[in-house]
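Text of protein04.txt, listed as compact mmCIF, C-alpha atoms:
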```
# COMPACT_ATOMS: atom_id res chain seq x y z
CA MET K 12 0.00 0.00 0.00
CA ARG K 13 2.75 2.34 1.02
CA LYS K 14 4.73 1.42 -2.06
CA THR K 15 1.78 2.17 -4.30
CA LEU K 16 1.31 5.52 -2.64
CA THR K 17 4.96 6.41 -3.18
CA LEU K 18 4.74 5.39 -6.81
CA LEU K 19 1.63 7.49 -7.22
CA VAL K 20 3.25 10.56 -5.70
CA ALA K 21 6.30 10.11 -7.91
CA THR K 22 4.32 9.79 -11.11
CA THR K 23 2.18 12.78 -10.16
CA ALA K 24 5.25 14.88 -9.54
CA LEU K 25 6.78 13.76 -12.83
CA THR K 26 3.61 14.51 -14.73
CA ALA K 27 3.36 17.92 -13.15
CA ALA K 28 6.98 18.70 -13.95
CA ILE K 29 6.64 17.75 -17.60
CA GLY K 30 3.00 18.49 -18.25
CA LEU K 31 2.57 21.91 -16.67
CA PRO K 32 5.13 23.76 -18.84
CA ALA K 33 3.64 22.15 -21.93
CA TRP K 34 0.17 23.00 -20.86
CA SER K 35 1.10 26.58 -20.09
CA ALA K 36 2.82 26.85 -23.46
CA MET K 37 -0.42 25.94 -25.17
CA HIS K 38 -1.78 29.28 -23.98
CA THR K 39 0.86 31.26 -25.88
CA PRO K 40 -0.14 33.11 -29.07
CA ALA K 41 -0.83 30.93 -32.07
CA ASN K 42 2.00 32.37 -34.20
CA THR K 43 4.73 31.00 -31.94
CA GLY K 44 4.69 27.53 -33.51
CA PRO K 45 3.07 24.23 -32.63
CA ALA K 46 1.75 24.71 -29.15
CA PRO K 47 2.54 21.37 -27.45
CA PHE K 48 6.20 21.84 -28.26
CA ALA K 49 6.24 25.54 -27.61
CA ALA K 50 8.55 25.19 -24.66
CA VAL K 51 11.08 23.41 -26.81
CA PHE K 52 10.84 26.00 -29.54
CA ASP K 53 11.02 28.76 -26.99
CA ASP K 54 14.30 27.33 -25.84
CA ALA K 55 15.48 27.31 -29.43
CA ALA K 56 14.41 30.91 -29.80
CA GLN K 57 16.50 31.81 -26.79
CA THR K 58 19.54 30.41 -28.55
CA LEU K 59 19.04 32.74 -31.49
CA PRO K 60 21.43 35.33 -30.11
CA LEU K 61 24.16 32.74 -30.62
CA ILE K 62 23.37 32.83 -34.32
CA LEU K 63 23.55 36.59 -34.15
CA ALA K 64 26.97 36.24 -32.53
CA SER K 65 28.04 34.37 -35.62
CA ASP K 66 26.75 37.30 -37.61
CA GLY K 67 29.05 39.44 -35.48
CA ASP K 68 31.94 37.43 -36.83
CA ASP K 69 30.92 38.52 -40.26
CA ASP K 70 31.05 42.08 -39.03
CA LYS K 71 34.51 41.39 -37.69
CA ASP K 72 35.58 40.06 -41.06
CA ARG K 73 34.38 43.24 -42.68
CA HIS K 74 36.22 45.19 -40.00
CA ASP K 75 39.42 43.26 -40.69
CA ARG K 76 39.12 43.88 -44.40
CA ASN K 77 38.80 47.55 -43.65
CA SER K 78 41.87 47.35 -41.46
CA SER K 79 43.83 45.78 -44.28
CA ARG K 80 42.84 48.53 -46.62
CA ARG K 81 43.92 51.09 -44.11
CA GLY K 82 47.21 49.34 -43.57
CA HIS K 83 48.99 49.55 -40.24
CA ASP K 84 48.69 53.25 -39.57
CA ASP K 85 45.88 52.89 -37.09
CA ASP K 86 47.59 51.52 -34.00
CA ASP K 87 44.44 51.17 -31.95
CA GLU K 88 42.83 49.00 -34.56
CA GLU K 89 45.98 46.96 -34.82
CA GLU K 90 45.97 46.16 -31.12
CA ASP K 91 42.39 44.97 -31.18
CA ASP K 92 42.75 42.75 -34.18
CA ASP K 93 43.80 39.16 -34.01
CA ASP K 94 46.71 37.86 -36.00
CA CYS K 95 44.88 37.31 -39.25
CA ASP K 96 45.06 40.87 -40.49
CA ALA K 97 48.41 40.93 -42.20
CA GLU K 98 48.59 40.00 -45.83
CA GLU K 99 51.93 38.23 -45.48
CA ASP K 100 51.08 36.49 -42.25
CA ASP K 101 52.22 32.88 -42.44
CA ASP K 102 50.83 32.19 -38.98
CA CYS K 103 47.38 33.13 -40.18
CA ARG K 104 47.50 30.90 -43.23
CA SER K 105 48.92 27.89 -41.46
CA GLY K 106 46.85 28.31 -38.33
CA ALA K 107 49.98 27.35 -36.41
CA GLY K 108 49.55 30.49 -34.34
CA ASN K 109 51.58 31.73 -31.48
CA PRO K 110 53.49 30.09 -28.66
CA ALA K 111 51.50 28.78 -25.72
CA PRO K 112 51.06 31.41 -23.01
CA ALA K 113 52.62 30.84 -19.61
CA GLY K 114 50.55 28.63 -17.37
CA THR K 115 48.95 26.66 -20.19
CA VAL K 116 51.86 24.30 -20.79
CA ALA K 117 55.07 23.53 -18.92
CA PRO K 118 58.16 25.65 -19.67
CA PRO K 119 60.52 24.18 -22.27
CA GLN K 120 62.98 21.54 -21.11
CA ASN K 121 66.05 23.64 -21.85
CA GLY K 122 67.88 22.89 -18.63
CA LEU K 123 67.36 26.39 -17.27
CA PHE K 124 64.29 25.69 -15.19
CA GLY K 125 63.88 23.68 -12.04
CA ASN K 126 60.86 21.54 -11.39
CA GLY K 127 59.45 23.82 -8.71
CA THR K 128 57.13 26.79 -8.95
CA PRO K 129 55.70 27.62 -12.36
CA PRO K 130 56.57 31.04 -13.85
CA GLN K 131 54.84 33.95 -12.18
CA VAL K 132 54.50 37.30 -13.89
CA LYS K 133 53.33 40.72 -12.79
CA VAL K 134 53.20 43.98 -14.75
CA ASN K 135 53.10 47.20 -12.76
CA MET Q 25 55.64 2.00 11.71
CA LYS Q 26 59.19 1.19 10.77
CA SER Q 27 58.36 0.89 7.10
CA LEU Q 28 56.49 4.20 7.24
CA LEU Q 29 59.56 5.93 8.63
CA ALA Q 30 61.73 4.33 5.98
CA THR Q 31 59.38 5.54 3.23
CA LEU Q 32 59.35 9.03 4.69
CA ALA Q 33 63.13 9.13 4.83
CA LEU Q 34 63.37 7.90 1.26
CA THR Q 35 60.94 10.45 -0.15
CA THR Q 36 62.68 13.25 1.77
CA ALA Q 37 66.03 12.12 0.42
CA LEU Q 38 64.66 12.10 -3.11
CA THR Q 39 62.95 15.48 -2.81
CA LEU Q 40 65.67 17.53 -1.15
CA PRO Q 41 68.23 17.43 -3.99
CA GLY Q 42 65.58 18.65 -6.39
CA LEU Q 43 64.79 21.59 -4.16
CA ALA Q 44 68.46 22.42 -3.66
CA MET Q 45 69.25 22.43 -7.40
CA ALA Q 46 66.91 25.27 -8.28
CA ARG Q 47 65.85 28.53 -6.72
CA PRO Q 48 63.24 31.18 -7.39
CA VAL Q 49 64.74 34.16 -9.19
CA THR Q 50 62.78 37.37 -9.69
CA MET Q 51 63.69 39.44 -12.73
CA THR Q 52 62.39 43.00 -12.92
CA THR Q 53 62.53 44.98 -16.14
CA THR Q 54 61.42 48.61 -16.02
CA LEU Q 55 60.88 50.41 -19.30
CA ASN Q 56 61.48 54.05 -20.17
CA SER Q 57 58.59 56.26 -21.12
CA TYR Q 58 59.63 56.09 -24.76
CA GLY Q 59 56.18 57.08 -26.02
CA GLY Q 60 55.38 54.12 -28.20
CA ASP Q 61 53.35 50.90 -28.18
CA GLY Q 62 54.05 48.01 -25.87
CA ALA Q 63 57.54 46.57 -26.12
CA TYR Q 64 58.31 42.99 -27.02
CA LEU Q 65 61.08 41.61 -24.81
CA ALA Q 66 63.00 38.36 -25.15
CA LEU Q 67 64.97 37.16 -22.14
CA TYR Q 68 67.43 34.40 -22.94
CA VAL Q 69 70.70 32.89 -21.79
CA THR Q 70 73.98 32.23 -23.58
CA ASP Q 71 76.84 30.05 -22.37
CA PRO Q 72 80.47 31.16 -21.88
CA SER Q 73 81.17 30.65 -25.59
CA GLY Q 74 78.21 32.87 -26.55
CA ALA Q 75 76.07 30.00 -27.76
CA TYR Q 76 72.35 30.13 -27.14
CA VAL Q 77 71.27 27.95 -24.21
CA GLY Q 78 67.59 28.72 -23.83
CA SER Q 79 64.91 31.33 -23.31
CA LEU Q 80 63.62 32.46 -19.95
CA TRP Q 81 60.70 34.66 -20.99
CA MET Q 82 59.02 36.21 -24.02
CA ALA Q 83 56.95 39.34 -23.42
CA GLY Q 84 54.69 39.56 -26.46
CA GLY Q 85 52.38 36.89 -27.75
CA LYS Q 86 52.36 37.40 -31.52
CA SER Q 87 55.08 35.35 -33.13
CA LYS Q 88 54.98 37.36 -36.35
CA TYR Q 89 56.80 40.16 -34.53
CA TYR Q 90 59.58 37.96 -33.12
CA LYS Q 91 61.83 38.65 -36.09
CA HIS Q 92 62.29 42.15 -34.68
CA LEU Q 93 63.94 40.66 -31.60
CA SER Q 94 66.81 40.16 -33.96
CA ASP Q 95 69.49 38.52 -31.80
CA TRP Q 96 67.05 36.11 -30.22
CA TYR Q 97 65.60 35.38 -33.67
CA ARG Q 98 69.04 34.76 -35.17
CA LEU Q 99 70.03 32.42 -32.36
CA THR Q 100 66.80 30.43 -32.30
CA GLY Q 101 65.72 30.64 -35.92
CA GLY Q 102 62.47 32.06 -34.59
CA ASP Q 103 61.54 28.71 -33.09
CA LYS Q 104 58.31 29.28 -31.19
CA ALA Q 105 58.81 26.09 -29.19
CA GLN Q 106 61.60 27.91 -27.37
CA VAL Q 107 59.05 30.12 -25.64
CA ASN Q 108 56.13 27.75 -25.23
CA GLY Q 109 54.80 28.15 -21.70
CA ILE Q 110 56.99 31.16 -20.94
CA THR Q 111 55.19 33.78 -22.98
CA GLY Q 112 53.19 36.72 -21.67
CA ALA Q 113 51.90 40.09 -22.79
CA SER Q 114 54.08 42.87 -24.17
CA VAL Q 115 55.08 45.60 -21.72
CA GLY Q 116 53.85 49.18 -22.01
CA ALA Q 117 56.11 52.21 -21.93
CA GLY Q 118 56.98 53.25 -18.39
CA ARG Q 119 55.79 49.93 -16.99
CA SER Q 120 57.60 47.29 -15.06
CA LEU Q 121 57.64 43.57 -15.79
CA GLU Q 122 58.32 41.29 -12.84
CA ILE Q 123 58.89 37.61 -13.54
CA THR Q 124 59.64 34.95 -10.97
CA LEU Q 125 61.13 31.77 -12.35
CA ASP Q 126 62.44 28.64 -10.72
CA LEU Q 127 65.97 28.61 -12.16
CA SER Q 128 68.68 26.01 -11.99
CA ASP Q 129 71.56 26.77 -9.62
CA ALA Q 130 73.98 25.67 -12.30
CA LEU Q 131 73.28 28.90 -14.21
CA PHE Q 132 74.96 31.11 -11.65
CA ASP Q 133 78.67 31.79 -11.36
CA ALA Q 134 79.33 29.51 -14.32
CA GLY Q 135 79.93 32.01 -17.11
CA TYR Q 136 76.36 32.27 -18.37
CA THR Q 137 74.98 35.62 -19.57
CA LEU Q 138 71.39 36.79 -19.51
CA HIS Q 139 70.35 38.88 -22.53
CA VAL Q 140 67.30 41.02 -23.17
CA ASP Q 141 66.28 41.94 -26.73
CA ALA Q 142 63.65 44.64 -27.15
CA ALA Q 143 61.48 45.82 -30.03
CA VAL Q 144 58.68 48.36 -30.34
CA GLU Q 145 56.35 48.77 -33.29
CA ASP Q 146 57.37 51.61 -35.60
CA MET Q 147 60.48 52.24 -33.50
CA ARG Q 148 64.04 50.99 -33.70
CA GLU Q 149 64.87 47.42 -32.74
CA SER Q 150 67.18 46.98 -29.82
CA PRO Q 151 68.96 43.62 -29.83
CA ASN Q 152 71.05 42.89 -26.77
CA GLU Q 153 69.44 45.75 -24.92
CA ILE Q 154 70.76 44.16 -21.73
CA ALA Q 155 73.58 41.67 -21.28
CA VAL Q 156 74.36 40.79 -17.68
CA PRO Q 157 76.54 37.93 -16.40
CA LEU Q 158 74.57 35.59 -14.16
CA THR Q 159 76.52 35.72 -10.92
CA THR Q 160 75.45 35.81 -7.31
CA GLU Q 161 77.43 39.03 -7.03
CA ASN Q 162 75.34 40.77 -9.70
CA ALA Q 163 72.06 39.85 -8.02
CA GLY Q 164 70.13 42.92 -6.94
CA LYS Q 165 72.33 45.33 -8.91
CA PRO Q 166 70.36 47.39 -11.43
CA VAL Q 167 71.59 47.45 -15.01
CA ARG Q 168 70.56 50.13 -17.49
CA GLY Q 169 69.50 49.22 -21.01
CA ARG Q 170 70.61 50.84 -24.25
CA ARG Q 171 67.29 52.18 -25.51
CA TYR Q 172 64.02 51.08 -23.93
CA VAL Q 173 64.96 49.54 -20.59
CA ALA Q 174 65.43 51.99 -17.75
CA GLY Q 175 66.56 49.29 -15.38
CA PHE Q 176 66.91 45.55 -15.04
CA THR Q 177 67.62 43.55 -11.89
CA TYR Q 178 67.44 39.94 -10.83
CA ASP Q 179 67.02 38.94 -7.22
CA MET Q 180 67.53 35.52 -5.73
```

I'd like the structure from this file rewritten - as structure tokens, please.
Amino acid sequence: MRKTLTLLVATTALTAAIGLPAWSAMHTPANTGPAPFAAVFDDAAQTLPLILASDGDDDKDRHDRNSSRRGHDDDDEEEDDDDCDAEEDDDCRSGAGNPAPAGTVAPPQNGLFGNGTPPQVKVN
Amino acid sequence: MKSLLATLALTTALTLPGLAMARPVTMTTTLNSYGGDGAYLALYVTDPSGAYVGSLWMAGGKSKYYKHLSDWYRLTGGDKAQVNGITGASVGAGRSLEITLDLSDALFDAGYTLHVDAAVEDMRESPNEIAVPLTTENAGKPVRGRRYVAGFTYDM
């Protein structure tokens, strides 16, 4: 008897957890998509800004092209850009990039470093 | 109990030499107010014959500019692996870079020299801006650079 009661409470809770959001979504305006799955689509709609972020990349590309046209005279722009702004940039083409920053990998095994504390840096 | 003590003694014996063979060394590089962009700095060591031994630090993350650190570039061939894990941001004019590294004792009083190359965008390159013999005697003594570095010291 007690077991049945527990099972009943559990299934009721589960139903309420799943069913109530779906039910409430059915009361949303008709132009938001199929109502029973509105919650799911609402979630998808909330991810739309991520797509817009991708669009921002396009803006960045345009920005970089502008930077290239301007050349290297604008120092502020240069500092904000990533490496792929120079026409003769091998690093950009190969994607090999730059050395690993301190703290991300161990220092090189060149015999200069001990095995103790990792490098610490401070700029004042 | 006896075996625990033996293990403890063994691990202590194995650990102590490692600690004794290296020490933390703090290197401070203060730049002049030269009125330009952030400076790229390469800190590296040569042996008594002047041969490149290794790099200690690279201030400046974009490898495409490393060719302007001309001595370091000549000695390493621009090998980025030399500065993997010891690279940080470039240093602004008038600012001070303080790096603490765990360095091998064998570097000191053995004829090794620490070099600093400097380069600033749209300004003159300064290879071998600093060259200071790594000795216990030189520790804490400020050294003036040729162009961009107002002072360099290492403390141990």

Open item on the list: So the first atom is atom CA of Q:Thr111 and the second is atom CA of Q:Asn56; what is the distance between them in Å, to one decimal place?
Closed with: 21.4 Å

- [ ] Work out how far apart atom CA of Q:Glu145 and atom CA of K:Thr115 are and give it in Å to one decimal.
- [x] 26.7 Å

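The coordinates place atom CA of Q:Lys104 at 16.0 Å from atom CA of Q:Val69.
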
Which residues of chain K have any atom within 9 Å of an atom in chain Q when counting only C-alpha atoms, and what is the closest pair of atoms for each, with the distance in Å to one decimal? Order the rows by chain and rising number and write it as a tab-separated table.
```
residue	atom	partner	partner_atom	distance
K:Asp86	CA	Q:Asp61	CA	8.2
K:Asp94	CA	Q:Lys86	CA	7.2
K:Asp100	CA	Q:Lys88	CA	7.1
K:Asp101	CA	Q:Lys88	CA	8.0
K:Asp102	CA	Q:Lys88	CA	7.1
K:Gly108	CA	Q:Ser87	CA	7.5
K:Asn109	CA	Q:Ser87	CA	5.3
K:Pro110	CA	Q:Asn108	CA	4.9
K:Ala111	CA	Q:Asn108	CA	4.8
K:Pro112	CA	Q:Thr111	CA	4.8
K:Ala113	CA	Q:Gly109	CA	4.0
K:Gly114	CA	Q:Gly109	CA	6.1
K:Thr115	CA	Q:Gly109	CA	6.2
K:Val116	CA	Q:Gly109	CA	4.9
K:Ala117	CA	Q:Gly109	CA	5.4
K:Pro118	CA	Q:Gly109	CA	4.7
K:Pro119	CA	Q:Asn108	CA	6.4
K:Gln120	CA	Q:Gly78	CA	9.0
K:Asn121	CA	Q:Gly78	CA	5.7
K:Gly122	CA	Q:Ser128	CA	7.4
K:Leu123	CA	Q:Ser128	CA	5.5
K:Phe124	CA	Q:Leu127	CA	4.5
K:Gly125	CA	Q:Ala46	CA	5.1
K:Asn126	CA	Q:Asp126	CA	7.3
K:Gly127	CA	Q:Asp126	CA	6.0
K:Thr128	CA	Q:Asp126	CA	5.9
K:Pro129	CA	Q:Leu125	CA	6.8
K:Pro130	CA	Q:Leu125	CA	4.9
K:Gln131	CA	Q:Thr124	CA	5.1
K:Val132	CA	Q:Ile123	CA	4.4
K:Lys133	CA	Q:Glu122	CA	5.0
K:Val134	CA	Q:Leu121	CA	4.6
K:Asn135	CA	Q:Ser120	CA	5.1
```

- [ ] Using only C-alpha atoms, find the one residue out of Q:Phe176, Q:Ala155, Q:Asp95, Q:Leu65 that sits nearest to Q:His139.
- [x] Q:Ala155

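All residues of protein, DNA or RNA that reach within 8 Å of Q:Asp141, judged by only C-alpha atoms and not counting those fewer than 4 positions away in the chain, are Leu65, Ala66, Leu67, Leu93, Ser94, Asp95, Trp96, Ser150, Pro151, Asn152, Glu153 and Ile154 of chain Q.
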
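Among the candidates Q:Ala134, Q:Val173, Q:Leu158, Q:Val140, the residue lying nearest to Q:Tyr58 is Q:Val173 (atoms considered: only C-alpha atoms).
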
Save stretch 141-160 of chain Q from what I just supplied, as a tab-separated table (two decimals), in the first residue's frame, atoms limited to C-alpha atoms.
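Result file decode.tsv:
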```tsv
chain	number	residue	atom	x	y	z
Q	141	ASP	CA	66.28	41.94	-26.73
Q	142	ALA	CA	63.65	44.64	-27.15
Q	143	ALA	CA	61.48	45.82	-30.03
Q	144	VAL	CA	58.68	48.36	-30.34
Q	145	GLU	CA	56.35	48.77	-33.29
Q	146	ASP	CA	57.37	51.61	-35.60
Q	147	MET	CA	60.48	52.24	-33.50
Q	148	ARG	CA	64.04	50.99	-33.70
Q	149	GLU	CA	64.87	47.42	-32.74
Q	150	SER	CA	67.18	46.98	-29.82
Q	151	PRO	CA	68.96	43.62	-29.83
Q	152	ASN	CA	71.05	42.89	-26.77
Q	153	GLU	CA	69.44	45.75	-24.92
Q	154	ILE	CA	70.76	44.16	-21.73
Q	155	ALA	CA	73.58	41.67	-21.28
Q	156	VAL	CA	74.36	40.79	-17.68
Q	157	PRO	CA	76.54	37.93	-16.40
Q	158	LEU	CA	74.57	35.59	-14.16
Q	159	THR	CA	76.52	35.72	-10.92
Q	160	THR	CA	75.45	35.81	-7.31
```
